[in-house]
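The data block below is upload-v9.pdb; it holds PDB, C-alpha atoms and all ligand atoms.
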```
ATOM      1  CA  MET T   1       6.397  -7.227  17.954
ATOM      2  CA  ASN T   2       8.861 -10.069  18.251
ATOM      3  CA  ILE T   3       7.126 -12.540  15.979
ATOM      4  CA  SER T   4       9.172 -15.421  14.574
ATOM      5  CA  LYS T   5       9.889 -15.254  10.858
ATOM      6  CA  ASN T   6      10.836 -18.963  10.662
ATOM      7  CA  ALA T   7       8.611 -21.242   8.601
ATOM      8  CA  VAL T   8       5.597 -18.995   8.984
ATOM      9  CA  PRO T   9       2.604 -21.037   7.813
ATOM     10  CA  PRO T  10       0.800 -19.520   4.821
ATOM     11  CA  GLN T  11      -2.386 -19.128   6.854
ATOM     12  CA  ALA T  12      -0.505 -16.784   9.219
ATOM     13  CA  LEU T  13       1.553 -15.148   6.509
ATOM     14  CA  ARG T  14      -1.503 -13.704   4.766
ATOM     15  CA  LEU T  15      -2.641 -12.143   8.068
ATOM     16  CA  ILE T  16       0.647 -10.737   9.364
ATOM     17  CA  THR T  17       2.510  -9.551   6.280
ATOM     18  CA  GLY T  18       2.692  -5.908   5.178
ATOM     19  CA  PRO T  19      -0.501  -3.862   5.511
ATOM     20  CA  ALA T  20      -2.485  -6.972   6.567
ATOM     21  CA  LYS T  21      -0.452  -7.068   9.776
ATOM     22  CA  VAL T  22      -1.779  -3.635  10.686
ATOM     23  CA  THR T  23      -5.436  -4.573  10.168
ATOM     24  CA  THR T  24      -4.939  -7.899  11.963
ATOM     25  CA  TYR T  25      -3.454  -6.102  14.972
ATOM     26  CA  GLU T  26      -6.029  -3.343  15.000
ATOM     27  CA  SER T  27      -8.994  -5.723  14.885
ATOM     28  CA  THR T  28      -7.636  -7.958  17.683
ATOM     29  CA  GLY T  29      -5.372  -6.652  20.477
ATOM     30  CA  GLY T  30      -5.482  -3.148  19.016
ATOM     31  CA  GLN T  31      -9.118  -2.887  20.078
ATOM     32  CA  VAL T  32      -8.118  -2.943  23.741
ATOM     33  CA  THR T  33      -4.942  -0.863  23.435
ATOM     34  CA  GLN T  34      -7.126   1.807  21.831
ATOM     35  CA  GLN T  35      -9.500   1.753  24.814
ATOM     36  CA  PHE T  36      -6.566   1.945  27.244
ATOM     37  CA  ALA T  37      -5.188   4.965  25.384
ATOM     38  CA  GLN T  38      -8.586   6.663  25.399
ATOM     39  CA  HIS T  39      -8.937   6.070  29.129
ATOM     40  CA  ASN T  40      -5.400   7.251  29.860
ATOM     41  CA  LEU T  41      -5.703  10.470  27.861
ATOM     42  CA  GLY T  42      -8.671  11.221  30.100
ATOM     43  CA  LEU T  43      -6.354  11.138  33.134
ATOM     44  CA  ILE T  44      -4.447  14.244  32.027
ATOM     45  CA  PRO T  45      -5.558  17.796  31.201
ATOM     46  CA  SER T  46      -6.521  18.295  27.545
ATOM     47  CA  ILE T  47      -3.662  18.738  25.139
ATOM     48  CA  GLY T  48      -2.954  22.467  24.894
ATOM     49  CA  ALA T  49      -1.613  24.738  22.169
ATOM     50  CA  GLY T  50       2.124  24.366  21.608
ATOM     51  CA  SER T  51       2.252  20.768  22.850
ATOM     52  CA  ILE T  52       4.984  18.569  21.438
ATOM     53  CA  ILE T  53       3.911  14.974  21.861
ATOM     54  CA  HIS T  54       5.792  11.711  21.541
ATOM     55  CA  ASP T  55       3.643   8.724  20.520
ATOM     56  CA  ASN T  56       6.264   6.170  21.548
ATOM     57  CA  ALA T  57       6.083   2.587  20.213
ATOM     58  CA  SER T  58       3.198   4.046  18.267
ATOM     59  CA  GLY T  59       2.111   1.144  16.120
ATOM     60  CA  SER T  60       0.005   2.800  13.438
ATOM     61  CA  GLY T  61      -0.692   5.749  15.723
ATOM     62  CA  THR T  62      -3.343   4.653  18.200
ATOM     63  CA  VAL T  63      -2.515   7.536  20.550
ATOM     64  CA  THR T  64      -1.936  10.031  17.727
ATOM     65  CA  ARG T  65      -5.345   9.330  16.189
ATOM     66  CA  LEU T  66      -7.144   9.743  19.505
ATOM     67  CA  ILE T  67      -5.420  13.048  20.208
ATOM     68  CA  LEU T  68      -6.159  14.404  16.745
ATOM     69  CA  SER T  69      -9.764  13.202  16.734
ATOM     70  CA  ASN T  70     -10.466  15.017  20.005
ATOM     71  CA  PRO T  71     -12.276  18.251  19.112
ATOM     72  CA  THR T  72     -10.506  20.081  21.965
ATOM     73  CA  THR T  73      -7.034  19.461  20.506
ATOM     74  CA  PRO T  74      -5.714  22.613  18.786
ATOM     75  CA  LYS T  75      -4.495  20.717  15.726
ATOM     76  CA  ASP T  76      -2.849  23.752  14.154
ATOM     77  CA  SER T  77      -0.497  24.254  17.060
ATOM     78  CA  VAL T  78       0.565  20.786  18.214
ATOM     79  CA  GLN T  79       3.282  18.543  16.849
ATOM     80  CA  ILE T  80       3.371  14.767  17.193
ATOM     81  CA  GLN T  81       6.431  12.556  16.733
ATOM     82  CA  ALA T  82       5.422   8.924  16.342
ATOM     83  CA  THR T  83       8.131   6.284  16.592
ATOM     84  CA  ASP T  84       8.134   2.505  16.277
ATOM     85  CA  ILE T  85      10.338  -0.247  14.872
ATOM     86  CA  ASP T  86       7.698  -1.960  12.726
ATOM     87  CA  GLN T  87       7.690  -0.305   9.302
ATOM     88  CA  PRO T  88       4.245  -1.423   8.015
ATOM     89  CA  PHE T  89       2.668   0.346  11.005
ATOM     90  CA  LEU T  90       4.688   3.515  10.409
ATOM     91  CA  ASP T  91       3.846   3.397   6.689
ATOM     92  CA  GLN T  92       0.140   3.305   7.489
ATOM     93  CA  LEU T  93       0.446   6.254   9.852
ATOM     94  CA  SER T  94       2.608   8.282   7.445
ATOM     95  CA  ALA T  95       0.118   7.697   4.617
ATOM     96  CA  ASP T  96      -2.813   8.808   6.776
ATOM     97  CA  ALA T  97      -0.857  11.808   8.100
ATOM     98  CA  ALA T  98      -0.027  12.901   4.551
ATOM     99  CA  SER T  99      -3.563  12.520   3.234
ATOM    100  CA  ASN T 100      -5.122  14.318   6.223
ATOM    101  CA  ALA T 101      -2.387  16.968   6.616
ATOM    102  CA  TRP T 102      -1.886  15.891  10.233
ATOM    103  CA  PRO T 103       0.991  17.502  12.205
ATOM    104  CA  VAL T 104       2.650  14.115  12.567
ATOM    105  CA  THR T 105       6.090  12.765  11.694
ATOM    106  CA  ALA T 106       6.519   9.007  11.877
ATOM    107  CA  THR T 107      10.025   7.573  12.137
ATOM    108  CA  ASN T 108      11.573   4.172  12.680
ATOM    109  CA  GLN T 109      13.369   4.379  16.010
ATOM    110  CA  ARG T 110      14.005   2.038  18.905
ATOM    111  CA  GLY T 111      12.521   3.382  22.098
ATOM    112  CA  GLU T 112      15.810   2.635  23.825
ATOM    113  CA  SER T 113      17.848   5.034  21.654
ATOM    114  CA  LEU T 114      15.759   7.950  20.453
ATOM    115  CA  SER T 115      17.217  10.632  18.198
ATOM    116  CA  PHE T 116      15.383  13.465  19.984
ATOM    117  CA  ALA T 117      17.257  16.046  22.066
ATOM    118  CA  ASP T 118      16.932  16.164  25.848
ATOM    119  CA  GLU T 119      13.760  17.908  27.078
ATOM    120  CA  THR T 120      11.952  17.912  23.714
ATOM    121  CA  PHE T 121       8.443  16.806  24.632
ATOM    122  CA  THR T 122       5.590  18.183  26.707
ATOM    123  CA  HIS T 123       3.935  14.741  26.598
ATOM    124  CA  SER T 124       5.429  11.268  26.130
ATOM    125  CA  ILE T 125       2.885   8.486  25.739
ATOM    126  CA  THR T 126       3.950   4.863  25.464
ATOM    127  CA  ASN T 127       0.822   2.780  25.040
ATOM    128  CA  ILE T 128       1.585  -0.896  25.702
ATOM    129  CA  GLY T 129       5.175  -0.416  24.591
ATOM    130  CA  ILE T 130       7.299  -0.346  27.744
ATOM    131  CA  ILE T 131       7.182  -4.149  28.081
ATOM    132  CA  PHE T 132       9.113  -4.491  24.815
ATOM    133  CA  PHE T 133      12.017  -2.284  25.852
ATOM    134  CA  THR T 134      15.305  -3.897  26.832
ATOM    135  CA  GLY T 135      16.595  -3.854  30.398
ATOM    136  CA  ALA T 136      13.167  -5.054  31.607
ATOM    137  CA  GLY T 137      11.730  -1.772  30.301
ATOM    138  CA  LEU T 138      14.286   0.518  31.891
ATOM    139  CA  ASP T 139      16.325   1.364  28.766
ATOM    140  CA  GLY T 140      13.306   2.895  27.036
ATOM    141  CA  THR T 141      11.971   4.488  30.222
ATOM    142  CA  LYS T 142      15.257   6.386  30.677
ATOM    143  CA  GLU T 143      14.748   7.741  27.165
ATOM    144  CA  ILE T 144      11.204   8.805  28.035
ATOM    145  CA  HIS T 145      12.575  10.716  31.031
ATOM    146  CA  ARG T 146      15.484  12.226  29.092
ATOM    147  CA  THR T 147      13.351  13.516  26.209
ATOM    148  CA  LEU T 148      10.579  14.978  28.387
ATOM    149  CA  LYS T 149      10.627  18.665  29.371
ATOM    150  CA  PRO T 150      10.593  19.472  33.106
ATOM    151  CA  GLY T 151       6.912  19.659  34.021
ATOM    152  CA  GLY T 152       6.068  17.406  31.071
ATOM    153  CA  VAL T 153       3.776  14.410  31.450
ATOM    154  CA  ALA T 154       4.556  10.773  30.735
ATOM    155  CA  ILE T 155       1.944   8.067  30.393
ATOM    156  CA  VAL T 156       3.119   4.456  30.322
ATOM    157  CA  ASN T 157       1.101   1.291  30.709
ATOM    158  CA  CYS T 158       1.453  -2.474  30.589
ATOM    159  CA  TRP T 159      -0.837  -5.466  30.575
ATOM    160  CA  GLU T 160      -2.218  -6.641  33.884
ATOM    161  CA  SER T 161      -4.230  -9.473  32.356
ATOM    162  CA  VAL T 162      -5.174 -10.636  28.878
ATOM    163  CA  THR T 163      -7.961 -13.199  28.654
ATOM    164  CA  TRP T 164      -6.684 -14.813  25.479
ATOM    165  CA  GLN T 165      -3.122 -15.357  26.754
ATOM    166  CA  PRO T 166      -3.763 -18.507  28.855
ATOM    167  CA  ALA T 167      -5.911 -19.840  26.012
ATOM    168  CA  ILE T 168      -2.999 -19.381  23.577
ATOM    169  CA  PHE T 169      -0.750 -21.206  26.068
ATOM    170  CA  ALA T 170      -3.249 -24.092  26.250
ATOM    171  CA  VAL T 171      -3.371 -24.493  22.457
ATOM    172  CA  HIS T 172       0.403 -24.207  22.241
ATOM    173  CA  ALA T 173       0.848 -26.885  24.937
ATOM    174  CA  HIS T 174      -1.545 -29.205  23.097
ATOM    175  CA  PHE T 175      -0.150 -28.943  19.576
ATOM    176  CA  ARG T 176       3.484 -28.032  20.233
ATOM    177  CA  SER T 177       4.156 -30.021  23.383
ATOM    178  CA  LYS T 178       7.855 -30.551  22.588
ATOM    179  CA  HIS T 179       8.487 -26.793  22.600
ATOM    180  CA  PRO T 180       7.577 -25.028  25.847
ATOM    181  CA  PHE T 181       6.222 -21.507  25.383
ATOM    182  CA  PRO T 182       9.105 -19.183  26.302
ATOM    183  CA  ALA T 183       8.628 -17.934  29.849
ATOM    184  CA  PRO T 184       8.382 -14.145  30.181
ATOM    185  CA  THR T 185      11.650 -12.711  31.485
ATOM    186  CA  THR T 186       9.887  -9.943  33.435
ATOM    187  CA  ASN T 187       6.696 -10.012  35.481
ATOM    188  CA  TRP T 188       4.627  -6.915  34.702
ATOM    189  CA  LYS T 189       1.323  -8.258  36.010
ATOM    190  CA  ASP T 190       1.326  -6.939  39.568
ATOM    191  CA  GLY T 191       2.223  -3.341  38.692
ATOM    192  CA  LYS T 192       5.475  -3.385  40.661
ATOM    193  CA  GLN T 193       7.797  -3.425  37.651
ATOM    194  CA  ILE T 194       6.201  -0.498  35.838
ATOM    195  CA  ARG T 195       6.371   1.615  38.994
ATOM    196  CA  LYS T 196       9.970   0.514  39.605
ATOM    197  CA  VAL T 197      11.286   1.343  36.129
ATOM    198  CA  MET T 198       9.670   4.781  36.257
ATOM    199  CA  ILE T 199      11.389   5.522  39.571
ATOM    200  CA  ASP T 200      14.690   4.022  38.395
ATOM    201  CA  ALA T 201      14.492   6.180  35.254
ATOM    202  CA  GLY T 202      14.247   9.328  37.381
ATOM    203  CA  PHE T 203      10.532  10.019  37.908
ATOM    204  CA  ALA T 204       9.630  11.074  41.458
ATOM    205  CA  GLU T 205       7.224   8.764  43.257
ATOM    206  CA  GLU T 206       5.244  11.688  44.671
ATOM    207  CA  LYS T 207       4.564  12.966  41.145
ATOM    208  CA  MET T 208       3.303   9.597  39.911
ATOM    209  CA  LYS T 209      -0.221   8.168  39.849
ATOM    210  CA  VAL T 210      -0.631   4.414  39.358
ATOM    211  CA  GLU T 211      -3.914   2.638  38.666
ATOM    212  CA  THR T 212      -5.541  -0.241  36.846
ATOM    213  CA  SER T 213      -8.418  -0.301  34.406
ATOM    214  CA  GLU T 214     -10.031  -2.787  32.068
ATOM    215  CA  ALA T 215     -11.097  -2.864  28.446
ATOM    216  CA  TRP T 216     -13.037  -5.339  26.326
ATOM    217  CA  ALA T 217     -12.389  -6.629  22.829
ATOM    218  CA  LYS T 218     -15.885  -6.828  21.353
ATOM    219  CA  VAL T 219     -16.282  -9.397  18.633
ATOM    220  CA  GLY T 220     -19.384  -9.371  16.466
ATOM    221  CA  GLY T 221     -20.411 -11.305  13.372
ATOM    222  CA  GLY T 222     -21.706 -14.447  15.082
ATOM    223  CA  GLU T 223     -19.768 -17.708  14.966
ATOM    224  CA  ASP T 224     -17.928 -16.763  11.752
ATOM    225  CA  GLY T 225     -16.920 -13.383  13.146
ATOM    226  CA  PHE T 226     -15.659 -14.963  16.340
ATOM    227  CA  ARG T 227     -13.648 -17.602  14.488
ATOM    228  CA  ALA T 228     -12.115 -14.927  12.257
ATOM    229  CA  TRP T 229     -11.068 -12.926  15.361
ATOM    230  CA  VAL T 230      -9.617 -16.047  16.956
ATOM    231  CA  GLU T 231      -7.692 -16.948  13.798
ATOM    232  CA  LYS T 232      -6.184 -13.466  13.589
ATOM    233  CA  THR T 233      -5.268 -13.604  17.263
ATOM    234  CA  TRP T 234      -3.548 -16.978  16.784
ATOM    235  CA  ALA T 235      -1.760 -15.679  13.675
ATOM    236  CA  TYR T 236      -0.546 -12.591  15.525
ATOM    237  CA  LEU T 237       0.518 -14.171  18.793
ATOM    238  CA  ALA T 238       1.330 -17.847  18.287
ATOM    239  CA  GLY T 239       4.557 -16.941  16.488
ATOM    240  CA  ILE T 240       5.970 -15.420  19.689
ATOM    241  CA  ALA T 241       6.901 -18.996  20.549
ATOM    242  CA  GLY T 242       8.150 -19.537  16.983
ATOM    243  CA  TRP T 243       6.375 -21.303  14.145
ATOM    244  CA  PHE T 244       6.700 -25.064  13.707
ATOM    245  CA  PRO T 245       6.466 -27.298  10.634
ATOM    246  CA  ASP T 246       3.161 -28.881  11.740
ATOM    247  CA  ASP T 247       1.406 -25.544  12.254
ATOM    248  CA  GLU T 248       0.402 -25.430   8.592
ATOM    249  CA  ARG T 249      -1.191 -28.894   8.755
ATOM    250  CA  ASP T 250      -2.761 -28.317  12.178
ATOM    251  CA  TRP T 251      -3.867 -24.716  11.559
ATOM    252  CA  ASP T 252      -7.628 -25.242  11.496
ATOM    253  CA  GLU T 253      -7.543 -27.477  14.551
ATOM    254  CA  GLU T 254      -5.378 -24.986  16.439
ATOM    255  CA  VAL T 255      -7.781 -22.158  15.664
ATOM    256  CA  ASP T 256     -10.815 -24.317  16.508
ATOM    257  CA  MET T 257      -9.285 -25.280  19.832
ATOM    258  CA  LEU T 258      -8.490 -21.662  20.676
ATOM    259  CA  ALA T 259     -12.106 -20.712  19.915
ATOM    260  CA  LYS T 260     -13.362 -23.621  22.038
ATOM    261  CA  VAL T 261     -11.135 -22.776  25.022
ATOM    262  CA  LEU T 262     -12.235 -19.139  24.916
ATOM    263  CA  ARG T 263     -15.890 -20.117  24.586
ATOM    264  CA  SER T 264     -15.476 -22.321  27.690
ATOM    265  CA  TYR T 265     -14.446 -19.320  29.810
ATOM    266  CA  GLY T 266     -17.016 -17.609  31.975
ATOM    267  CA  GLU T 267     -17.094 -13.956  32.939
ATOM    268  CA  GLU T 268     -14.680 -14.552  35.840
ATOM    269  CA  GLN T 269     -12.120 -15.743  33.330
ATOM    270  CA  GLY T 270     -12.804 -12.755  31.104
ATOM    271  CA  VAL T 271     -15.383 -13.789  28.496
ATOM    272  CA  LYS T 272     -19.020 -12.790  28.275
ATOM    273  CA  VAL T 273     -21.651 -12.840  25.577
ATOM    274  CA  VAL T 274     -23.448  -9.532  25.152
ATOM    275  CA  GLY T 275     -26.246  -9.623  22.590
ATOM    276  CA  ASP T 276     -24.681 -11.166  19.509
ATOM    277  CA  GLU T 277     -21.141 -10.151  20.508
ATOM    278  CA  VAL T 278     -18.470 -12.020  22.413
ATOM    279  CA  TRP T 279     -16.567  -9.720  24.780
ATOM    280  CA  LEU T 280     -13.061 -10.576  25.979
ATOM    281  CA  ARG T 281     -11.457  -8.656  28.840
ATOM    282  CA  ALA T 282      -7.965  -7.236  29.169
ATOM    283  CA  SER T 283      -6.678  -4.984  31.920
ATOM    284  CA  GLN T 284      -3.792  -2.578  32.291
ATOM    285  CA  TRP T 285      -1.551  -0.912  34.845
ATOM    286  CA  VAL T 286      -1.091   2.734  33.949
ATOM    287  CA  VAL T 287       1.337   5.251  35.379
ATOM    288  CA  VAL T 288       0.900   8.979  34.813
ATOM    289  CA  ALA T 289       4.009  10.871  35.889
ATOM    290  CA  GLU T 290       5.111  14.488  35.817
ATOM    291  CA  LYS T 291       8.818  15.160  35.313
TER
HETATM  292  C1  LIG T 301       1.190  -3.684  21.558
HETATM  293  S1  LIG T 301       1.837  -2.672  20.290
HETATM  294  C2  LIG T 301       1.210  -1.081  20.783
HETATM  295  C3  LIG T 301       1.109  -0.158  19.619
HETATM  296  C4  LIG T 301       0.370   1.155  19.906
HETATM  297  N1  LIG T 301       1.095   1.964  20.882
HETATM  298  C5  LIG T 301      -1.031   0.901  20.384
HETATM  299  O1  LIG T 301      -1.396   1.434  21.411
HETATM  300  O2  LIG T 301      -1.783   0.191  19.723
HETATM  301  C6  LIG T 301       3.547  -2.525  20.706
HETATM  302  C7  LIG T 301       4.358  -1.725  19.719
HETATM  303  O3  LIG T 301       5.680  -1.596  20.238
HETATM  304  C8  LIG T 301       6.565  -1.623  19.147
HETATM  305  N2  LIG T 301       7.899  -1.926  19.662
HETATM  306  C9  LIG T 301       8.365  -3.098  20.119
HETATM  307  N3  LIG T 301       9.635  -2.978  20.534
HETATM  308  C10 LIG T 301       9.976  -1.681  20.339
HETATM  309  C11 LIG T 301      11.159  -0.939  20.572
HETATM  310  N4  LIG T 301      12.238  -1.513  21.093
HETATM  311  N5  LIG T 301      11.170   0.369  20.246
HETATM  312  C12 LIG T 301      10.063   0.960  19.706
HETATM  313  N6  LIG T 301       8.920   0.306  19.464
HETATM  314  C13 LIG T 301       8.874  -1.000  19.781
HETATM  315  C14 LIG T 301       5.985  -2.684  18.243
HETATM  316  O4  LIG T 301       6.484  -2.609  16.944
HETATM  317  C15 LIG T 301       4.501  -2.382  18.358
HETATM  318  O5  LIG T 301       4.062  -1.505  17.355
END
```

Translate the structure described by the file into structure tokens.
Amino acid sequence: MNISKNAVPPQALRLITGPAKVTTYESTGGQVTQQFAQHNLGLIPSIGAGSIIHDNASGSGTVTRLILSNPTTPKDSVQIQATDIDQPFLDQLSADAASNAWPVTATNQRGESLSFADETFTHSITNIGIIFFTGAGLDGTKEIHRTLKPGGVAIVNCWESVTWQPAIFAVHAHFRSKHPFPAPTTNWKDGKQIRKVMIDAGFAEEKMKVETSEAWAKVGGGEDGFRAWVEKTWAYLAGIAGWFPDDERDWDEEVDMLAKVLRSYGEEQGVKVVGDEVWLRASQWVVVAEK
């Protein structure tokens, strides 16, 4: 993730450095990427014996873990290559793979220039990764196509909506008004771009299925639990715009405002209270394509 390393306030540093970064991600946005991956794996036939799977832009192995925890996966006869550019995530996955004897190799590779030979994989799954690839996603999508066997299946997805994104923008605008939040260079929200890059990379439109689905981050632990989730979310995402000298001084107020803005949202804006949990919605566009 492209998070600024400049003047990171200590409050963020403790949440996004080394192994803490992995747990911060997994307990915030990772909750919904995990649900997307679970949903998307349900769109394809179960993973069969002899499958060679690419968990592309893997993070700490969200897709890998779901595949291996599925009782129908023949673990003795599949191989998984997990790749990412963020070493703490790969370290976590490698450690878990070693201690559980999982058939997984985790390597640090950019999705835009993979070391794998042409037509290596039976499955290539890029869970909320395509948006980070250069060329508005196309450079990595060409690699997905190149490394997939004919008849192999690719799953790619991108955000359609994220409830906490406009709230982050509001807090940023309030506390960092001299520094506009960098505008996204590519619009992924209407599903046109993800379909386009898949076609431009070589996938045939008639062998592609495109759909949307939603997931919910479910935050328990009452007020304290919610504030902790909000603080981690601010720590993980506010640095996309860069960190600023006043962030350290303003930290508590920034986090409080983010919590307040989110609490002010109704269900239409993506927040609902269910029992003693706060649920926050995110939705995806997913493309399943056969090469
Ligand atoms: C939103 S996370 C998704 C992680 C994981 N797939 C999941 O479902 O939770 C995006 C991941 O893309 C990785 N990433 C960003 N740019 C990348 C690139 N150019 N090549 C490979 N991975 C990249 C990040 O390091 C991060 O782990």

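Among the candidates T:Ala201, T:Val210, T:Ala170, T:Ile130, the residue lying nearest to Leu262 in chain T is T:Ala170 (atoms considered: only C-alpha atoms).
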
Q: Determine the residue membership of the PyMOL selection byres (((chain T and resi 65) around 12) and not hetatm) for the file above and supply it as an MDAnalysis selection string.
A: chainID T and resid 34 37:38 41 55 58:64 66:71 73 75 80 82 92:94 96:97 100 102:104

Q: Find the residue from T:Leu15, T:Leu114, T:Gly191, T:Asp250 that sits nearest to Ser27 in chain T; use only C-alpha atoms when measuring.
A: T:Leu15

Q.
Assuming the chain letters and numbering stay as they are in my file, what does the PyMOL selection byres (((not hetatm)) within 8 of (chain T and resi 301)) actually select? List them as a PyMOL selection string.
A. chain T and resi 1-2+26+29-31+33-34+36-37+55-63+83-86+89+108-112+126-130+132-134+140

Q: May I ask which of the residues T:Phe175, T:Glu223, T:His54, T:Tyr25 is the closest one to Glu248 in chain T, counting all atoms listed in the file?
A: T:Phe175

Q: Have a look at CA of Gln81 in chain T and CA of Thr105 in chain T and let me know their distance in Å, one decimal.
A: 5.1 Å

Since the input lacks some atoms of range 75-82 of chain T, please model all heavy atoms and print them as an mmCIF file, in the frame of the given file.
```cif
data_model
loop_
_atom_site.group_PDB
_atom_site.id
_atom_site.type_symbol
_atom_site.label_atom_id
_atom_site.label_comp_id
_atom_site.auth_asym_id
_atom_site.auth_seq_id
_atom_site.Cartn_x
_atom_site.Cartn_y
_atom_site.Cartn_z
ATOM 1 N N LYS T 75 -5.315 21.470 16.689
ATOM 2 C CA LYS T 75 -4.495 20.717 15.726
ATOM 3 C C LYS T 75 -3.466 21.587 14.997
ATOM 4 O O LYS T 75 -2.436 21.103 14.551
ATOM 5 C CB LYS T 75 -5.398 20.029 14.697
ATOM 6 C CG LYS T 75 -6.159 18.866 15.293
ATOM 7 C CD LYS T 75 -6.856 18.086 14.236
ATOM 8 C CE LYS T 75 -8.333 17.912 14.388
ATOM 9 N NZ LYS T 75 -9.070 18.346 15.519
ATOM 10 N N ASP T 76 -3.777 22.878 14.880
ATOM 11 C CA ASP T 76 -2.849 23.752 14.154
ATOM 12 C C ASP T 76 -1.606 24.071 14.956
ATOM 13 O O ASP T 76 -0.637 24.596 14.413
ATOM 14 C CB ASP T 76 -3.535 25.084 13.809
ATOM 15 C CG ASP T 76 -4.654 24.860 12.827
ATOM 16 O OD1 ASP T 76 -4.675 23.778 12.234
ATOM 17 O OD2 ASP T 76 -5.499 25.760 12.681
ATOM 18 N N SER T 77 -1.652 23.819 16.267
ATOM 19 C CA SER T 77 -0.497 24.254 17.060
ATOM 20 C C SER T 77 0.061 23.135 17.942
ATOM 21 O O SER T 77 0.636 23.400 18.977
ATOM 22 C CB SER T 77 -0.878 25.469 17.908
ATOM 23 O OG SER T 77 -1.787 25.077 18.898
ATOM 24 N N VAL T 78 -0.129 21.881 17.527
ATOM 25 C CA VAL T 78 0.565 20.786 18.214
ATOM 26 C C VAL T 78 1.436 20.060 17.190
ATOM 27 O O VAL T 78 1.193 20.141 15.981
ATOM 28 C CB VAL T 78 -0.408 19.771 18.871
ATOM 29 C CG1 VAL T 78 -1.318 20.451 19.877
ATOM 30 C CG2 VAL T 78 -1.230 19.025 17.839
ATOM 31 N N GLN T 79 2.447 19.406 17.712
ATOM 32 C CA GLN T 79 3.282 18.543 16.849
ATOM 33 C C GLN T 79 3.321 17.172 17.489
ATOM 34 O O GLN T 79 3.447 17.072 18.716
ATOM 35 C CB GLN T 79 4.726 19.019 16.827
ATOM 36 C CG GLN T 79 5.007 20.313 16.129
ATOM 37 C CD GLN T 79 6.477 20.667 16.377
ATOM 38 O OE1 GLN T 79 7.375 19.836 16.252
ATOM 39 N NE2 GLN T 79 6.706 21.908 16.756
ATOM 40 N N ILE T 80 3.266 16.133 16.661
ATOM 41 C CA ILE T 80 3.371 14.767 17.193
ATOM 42 C C ILE T 80 4.507 14.045 16.474
ATOM 43 O O ILE T 80 4.580 14.048 15.239
ATOM 44 C CB ILE T 80 2.059 13.975 17.014
ATOM 45 C CG1 ILE T 80 0.893 14.714 17.698
ATOM 46 C CG2 ILE T 80 2.207 12.562 17.577
ATOM 47 C CD1 ILE T 80 -0.451 14.008 17.626
ATOM 48 N N GLN T 81 5.399 13.442 17.262
ATOM 49 C CA GLN T 81 6.431 12.556 16.733
ATOM 50 C C GLN T 81 6.013 11.139 17.101
ATOM 51 O O GLN T 81 5.894 10.814 18.291
ATOM 52 C CB GLN T 81 7.790 12.862 17.376
ATOM 53 C CG GLN T 81 8.376 14.205 17.025
ATOM 54 C CD GLN T 81 8.935 14.242 15.604
ATOM 55 O OE1 GLN T 81 9.147 13.202 14.967
ATOM 56 N NE2 GLN T 81 9.181 15.441 15.100
ATOM 57 N N ALA T 82 5.780 10.322 16.096
ATOM 58 C CA ALA T 82 5.422 8.924 16.342
ATOM 59 C C ALA T 82 6.623 8.057 15.981
ATOM 60 O O ALA T 82 7.228 8.253 14.919
ATOM 61 C CB ALA T 82 4.217 8.530 15.492
#
```
